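J.: Let me give you the structure first, and then I'll get to my questions.
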Amino acid sequence: MTSSTSFEEKRPPSDLAEIVRCVWRLMDTPRAGSTPTFQPIVPDGCLEIVLNLEDPMLRLTGVDAWEPEPTALFVGPLTQPTFVAPSGPTYVVGIRFLPWAGAAFLGFPMHEARNAFLPLDAVLQGGMAGLRERLAARASQDWASTVFDHLRLMRPASHARTALAARAVRAIGRGQVVIGELARELAIGERQLERVMARDVGLTPREVVRIARVQSALRRVRQDPGRALGHIALESGFYDQPHFTREFRRLVGCSPSHFQADELSLTHHFVSNDVGP
């Protein structure tokens with residue numbers, strides 16, 4: 001797809017570790033005259049801030065229809081894949097928040113942000129002012145520290161309210177959990193668990209389980225591309241091969257065998273390295 005692609009992912013320092021999963025940077029130079037190739041970005045349970053610093057990424061919005069992303073973009077928790085492609089030289093910096101951190105950081109319920117792709121100013125109203133310009137000017141070679149320093153100015157004073165959601169997401173882990181048992185472990189009812197997850201994560205517990213299982217399968221495919229898909233399905237918590245294929249298509253947009261056979265560099269870069277969503 002490209003002649004030169006660079007992807008970096010940096011973990012947060014300890015004082016931001018309960019809010020931020022990672023920050024990442026993608027730099028890409030397409031071959032001259034190449035046609036945009038759309039690749040799926042798979043739901044991971046997180047919300048993101050995405051800063052386009054050169055030519056914008058293109059996002060597929062329908063059959064043979066796409067639009068350029070805003071220079072500063074907010075992406076809510078996703079329940080389906082989104083397909084993107086570079087439109088030219090690419091320099092993108094992203095901030096990936098932990099699944100339960102959005103409500104405290106942004107100040108509104110996450111269920112309002114499901115599957116949202118919004119200009120960042122519509123969500124934060126200037127909260128990222130200056131960061132994009134500093135990154136675009138490459139004023140600092142340590143781009144990750146520049147991002148972390150900016151986030152320290154914006155972080156909420158407390159995120160205690162989201163502690164229950166954090167425990168729930170962590171307990172889900174690789175997606176091999178029964179929701180009723182999870183609710184009992186947390187000493188709450190299933191309906192209360194659903195309300196907490198909707199408010200603080202923007203997803204239902206079952207959606208988080210589904211995402212965790214598929215992300216687990218993606219990691220296994222990436223780590224061992226030749227491994228039998230039947231083994232990957234069972235190891236990732238799926239009941240059987242049809243269950244695996246159905247859920248994989250829903251969240252990745254293609255069959256497991258198609259994903260295993262194709263070189264989907266963008267998709268592979270954005271597979272979560274963590275256990276769970």
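Going through the structure tokens in order, the chains are called A, B, and so on, while each chain numbers its residues from 1 and the ligands are numbered from 1 in the order shown.
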Can you list, as a PyMOL selection string, every protein, DNA or RNA residue that comes within 7 Å of segment 38-53 of chain A when you count only C-alpha atoms, leaving out same-chain residues fewer than 6 positions away?

T.: chain A and resi 71-85+91-99+102+132+136+208+211+215+251-253+264+266-267+270+272+277

J.: Once you have the residues from the selection above, write them out as a PDB file, in the first residue's frame, restricted to C-alpha atoms.

T.:
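Result file result.pdb:
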```
ATOM      1  CA  THR A  71      -7.650  18.161  11.313  1.00  0.00           C
ATOM      2  CA  ALA A  72      -8.633  17.484  14.946  1.00  0.00           C
ATOM      3  CA  LEU A  73     -11.052  14.595  15.454  1.00  0.00           C
ATOM      4  CA  PHE A  74     -12.890  13.005  18.375  1.00  0.00           C
ATOM      5  CA  VAL A  75     -13.764   9.303  17.971  1.00  0.00           C
ATOM      6  CA  GLY A  76     -16.187   7.751  20.457  1.00  0.00           C
ATOM      7  CA  PRO A  77     -16.349   4.082  21.470  1.00  0.00           C
ATOM      8  CA  LEU A  78     -17.072   2.044  18.348  1.00  0.00           C
ATOM      9  CA  THR A  79     -19.309  -0.976  17.837  1.00  0.00           C
ATOM     10  CA  GLN A  80     -18.341  -1.560  14.198  1.00  0.00           C
ATOM     11  CA  PRO A  81     -15.220  -1.197  12.062  1.00  0.00           C
ATOM     12  CA  THR A  82     -14.362   2.059  10.352  1.00  0.00           C
ATOM     13  CA  PHE A  83     -12.422   2.037   7.080  1.00  0.00           C
ATOM     14  CA  VAL A  84      -9.684   4.599   6.496  1.00  0.00           C
ATOM     15  CA  ALA A  85      -6.982   5.342   3.932  1.00  0.00           C
ATOM     16  CA  TYR A  91       1.421  12.549   9.895  1.00  0.00           C
ATOM     17  CA  VAL A  92      -1.162  11.625  12.536  1.00  0.00           C
ATOM     18  CA  VAL A  93      -0.902  11.750  16.315  1.00  0.00           C
ATOM     19  CA  GLY A  94      -3.504   9.994  18.445  1.00  0.00           C
ATOM     20  CA  ILE A  95      -4.437   9.876  22.128  1.00  0.00           C
ATOM     21  CA  ARG A  96      -6.152   6.645  23.160  1.00  0.00           C
ATOM     22  CA  PHE A  97      -8.005   6.882  26.465  1.00  0.00           C
ATOM     23  CA  LEU A  98      -8.774   3.911  28.667  1.00  0.00           C
ATOM     24  CA  PRO A  99     -12.367   2.683  28.163  1.00  0.00           C
ATOM     25  CA  GLY A 102     -13.822   9.308  28.870  1.00  0.00           C
ATOM     26  CA  ARG A 132      -1.672  20.416  17.167  1.00  0.00           C
ATOM     27  CA  ALA A 136       2.883  20.178  13.377  1.00  0.00           C
ATOM     28  CA  VAL A 208     -17.181  -5.101  25.768  1.00  0.00           C
ATOM     29  CA  ILE A 211     -14.714  -6.571  21.544  1.00  0.00           C
ATOM     30  CA  GLN A 215      -9.124  -8.168  19.950  1.00  0.00           C
ATOM     31  CA  LEU A 251     -16.209  -6.069  14.225  1.00  0.00           C
ATOM     32  CA  VAL A 252     -13.472  -6.369  11.597  1.00  0.00           C
ATOM     33  CA  GLY A 253     -15.504  -6.214   8.395  1.00  0.00           C
ATOM     34  CA  LEU A 264      -3.461  -4.955   6.334  1.00  0.00           C
ATOM     35  CA  LEU A 266      -2.992  -0.053   9.223  1.00  0.00           C
ATOM     36  CA  THR A 267      -5.267  -2.620  10.848  1.00  0.00           C
ATOM     37  CA  PHE A 270      -4.099  -0.518  15.675  1.00  0.00           C
ATOM     38  CA  SER A 272      -4.650  -3.474  20.966  1.00  0.00           C
ATOM     39  CA  PRO A 277     -10.504  -3.801  25.481  1.00  0.00           C
TER      40      PRO A 277
END
```

J.: Taking the chain letters and numbering used in this document, name the residues of segment 22-229 of chain A that DSSP puts in helix (DSSP H, G or I), as number ranges by chain.

T.: A: 102-106, 110-113, 121-124, 131-136, 143-154, 160-172, 179-185, 190-200, 205-223, 229

J.: When you draw a straight line from atom CA of Asn115 of chain A to atom CA of Pro30 of chain A, how long is it in Å?

T.: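 These two atoms are separated by 28.0 Å.
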
J.: As a VMD selection string, please: all residues of segment 7-176 of chain A that backbone DSSP puts in strand (DSSP E).

T.: chain A and resid 7 to 10 20 to 30 39 to 41 48 to 52 57 to 62 65 to 68 72 to 75 82 to 86 90 to 97 117 to 119

J.: Counting only C-alpha atoms, which of A:Ala122, A:Ile19, A:Asp55, A:Glu9 gets nearest to Met154 of chain A?

T.: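 Of A:Ala122, A:Ile19, A:Asp55, A:Glu9, the one nearest Met154 of chain A is A:Ile19, counting only C-alpha atoms.
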
J.: Restricting the calculation to only C-alpha atoms: of A:Pro68, A:Pro256, A:Gly237, A:Gly107, which residue gets closest to Gln176 of chain A?

T.: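 Once distances to Gln176 of chain A are computed over only C-alpha atoms, the minimum belongs to A:Gly237.
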
J.: With only C-alpha atoms as the counted atoms, please give the residues lying no more than 10 Å from Lys10 of chain A, apart from itself and same-chain residues fewer than 4 positions off, as a list of chain:residue names.

T.: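 Within the cut-off, the hits are A:Arg21, A:Cys22, A:Val23, A:Trp24, A:Arg25, A:Ile95, A:Trp143, A:Ala144, A:Ser145.
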
J.: Excluding same-chain residues fewer than 2 positions from Thr204 of chain A, what lies within 12 Å of it counting only C-alpha atoms, as a PyMOL selection string?

T.: chain A and resi 45+77-79+99+110-111+114+165+168-169+172+179+190-202+206-211

J.: Give me a file of those residues, with N, CA and C atoms, as a tab-separated table (two decimals), in the first residue's frame.

T.:
```tsv
chain	number	residue	atom	x	y	z
A	45	GLY	N	-12.90	-0.59	22.34
A	45	GLY	CA	-13.52	-0.16	23.58
A	45	GLY	C	-13.09	1.21	24.05
A	77	PRO	N	-16.46	5.55	21.45
A	77	PRO	CA	-16.35	4.08	21.47
A	77	PRO	C	-17.13	3.47	20.32
A	78	LEU	N	-16.49	2.59	19.57
A	78	LEU	CA	-17.07	2.04	18.35
A	78	LEU	C	-17.66	0.66	18.58
A	79	THR	N	-18.71	0.36	17.82
A	79	THR	CA	-19.31	-0.98	17.84
A	79	THR	C	-19.20	-1.65	16.48
A	99	PRO	N	-10.92	2.74	28.43
A	99	PRO	CA	-12.37	2.68	28.16
A	99	PRO	C	-13.22	3.43	29.17
A	110	MET	N	-20.79	8.61	28.21
A	110	MET	CA	-20.17	8.06	27.00
A	110	MET	C	-21.18	7.44	26.04
A	111	HIS	N	-22.37	7.07	26.53
A	111	HIS	CA	-23.34	6.51	25.57
A	111	HIS	C	-23.74	7.56	24.54
A	114	ARG	N	-21.29	7.11	21.36
A	114	ARG	CA	-21.16	5.86	20.62
A	114	ARG	C	-21.04	6.10	19.12
A	165	ALA	N	-16.64	0.99	36.75
A	165	ALA	CA	-16.50	0.65	35.34
A	165	ALA	C	-15.11	0.11	35.04
A	168	ALA	N	-14.96	-3.43	36.15
A	168	ALA	CA	-15.72	-4.30	35.25
A	168	ALA	C	-14.94	-4.60	33.98
A	169	VAL	N	-14.36	-3.57	33.36
A	169	VAL	CA	-13.62	-3.78	32.11
A	169	VAL	C	-12.40	-4.65	32.36
A	172	ILE	N	-13.36	-8.27	32.72
A	172	ILE	CA	-13.72	-8.91	31.44
A	172	ILE	C	-12.47	-9.48	30.77
A	179	ILE	N	-21.65	-12.51	32.15
A	179	ILE	CA	-22.04	-11.21	32.66
A	179	ILE	C	-22.70	-11.32	34.04
A	190	GLU	N	-27.29	-6.86	37.43
A	190	GLU	CA	-26.93	-6.76	36.02
A	190	GLU	C	-27.42	-5.45	35.41
A	191	ARG	N	-28.63	-5.00	35.78
A	191	ARG	CA	-29.15	-3.75	35.23
A	191	ARG	C	-28.30	-2.56	35.67
A	192	GLN	N	-27.86	-2.58	36.93
A	192	GLN	CA	-27.00	-1.49	37.39
A	192	GLN	C	-25.67	-1.52	36.66
A	193	LEU	N	-25.14	-2.71	36.43
A	193	LEU	CA	-23.89	-2.84	35.68
A	193	LEU	C	-24.05	-2.25	34.28
A	194	GLU	N	-25.18	-2.53	33.64
A	194	GLU	CA	-25.43	-1.98	32.31
A	194	GLU	C	-25.48	-0.46	32.33
A	195	ARG	N	-26.12	0.13	33.37
A	195	ARG	CA	-26.21	1.59	33.45
A	195	ARG	C	-24.83	2.22	33.67
A	196	VAL	N	-24.04	1.60	34.54
A	196	VAL	CA	-22.69	2.12	34.81
A	196	VAL	C	-21.84	2.06	33.55
A	197	MET	N	-21.90	0.95	32.83
A	197	MET	CA	-21.10	0.80	31.62
A	197	MET	C	-21.55	1.77	30.53
A	198	ALA	N	-22.86	1.98	30.39
A	198	ALA	CA	-23.37	2.92	29.40
A	198	ALA	C	-22.86	4.33	29.70
A	199	ARG	N	-22.90	4.70	30.98
A	199	ARG	CA	-22.48	6.06	31.37
A	199	ARG	C	-20.98	6.26	31.21
A	200	ASP	N	-20.17	5.32	31.67
A	200	ASP	CA	-18.74	5.54	31.79
A	200	ASP	C	-17.92	4.96	30.64
A	201	VAL	N	-18.47	3.98	29.92
A	201	VAL	CA	-17.74	3.35	28.82
A	201	VAL	C	-18.44	3.59	27.48
A	202	GLY	N	-19.77	3.70	27.51
A	202	GLY	CA	-20.52	3.91	26.27
A	202	GLY	C	-20.90	2.63	25.57
A	206	ARG	N	-21.93	-6.79	27.33
A	206	ARG	CA	-21.79	-7.81	26.28
A	206	ARG	C	-21.00	-7.27	25.08
A	207	GLU	N	-21.16	-6.00	24.77
A	207	GLU	CA	-20.35	-5.42	23.69
A	207	GLU	C	-18.88	-5.39	24.07
A	208	VAL	N	-18.57	-5.10	25.32
A	208	VAL	CA	-17.18	-5.10	25.77
A	208	VAL	C	-16.60	-6.51	25.71
A	209	VAL	N	-17.39	-7.51	26.10
A	209	VAL	CA	-16.94	-8.91	25.99
A	209	VAL	C	-16.66	-9.25	24.52
A	210	ARG	N	-17.57	-8.88	23.65
A	210	ARG	CA	-17.42	-9.16	22.21
A	210	ARG	C	-16.14	-8.53	21.67
A	211	ILE	N	-15.91	-7.27	22.01
A	211	ILE	CA	-14.71	-6.57	21.54
A	211	ILE	C	-13.46	-7.24	22.10
```

J.: Near Met128 of chain A, counting only C-alpha atoms, which residues have an atom at most 9 Å away, once you skip same-chain residues fewer than 2 positions from it, shown as an NGL selection string?

T.: :A and (72 or 120-121 or 124-126 or 130-132 or 150-151 or 154)

J.: Residues of the last selection are to be written out with C-alpha atoms, as a PDB file, in the first residue's frame.

T.:
```pdb
ATOM      1  CA  ALA A  72      -8.633  17.484  14.946  1.00  0.00           C
ATOM      2  CA  LEU A 120     -12.722  17.987  18.289  1.00  0.00           C
ATOM      3  CA  ASP A 121     -13.851  21.546  19.022  1.00  0.00           C
ATOM      4  CA  LEU A 124     -13.658  19.936  23.957  1.00  0.00           C
ATOM      5  CA  GLN A 125     -14.141  23.515  22.725  1.00  0.00           C
ATOM      6  CA  GLY A 126     -10.510  24.489  22.509  1.00  0.00           C
ATOM      7  CA  GLY A 130      -1.950  24.806  20.693  1.00  0.00           C
ATOM      8  CA  LEU A 131      -1.073  21.109  20.837  1.00  0.00           C
ATOM      9  CA  ARG A 132      -1.672  20.416  17.167  1.00  0.00           C
ATOM     10  CA  HIS A 150      -0.698  18.936  27.503  1.00  0.00           C
ATOM     11  CA  LEU A 151      -2.905  16.215  28.971  1.00  0.00           C
ATOM     12  CA  MET A 154      -6.608  18.929  31.182  1.00  0.00           C
TER      13      MET A 154
END
```
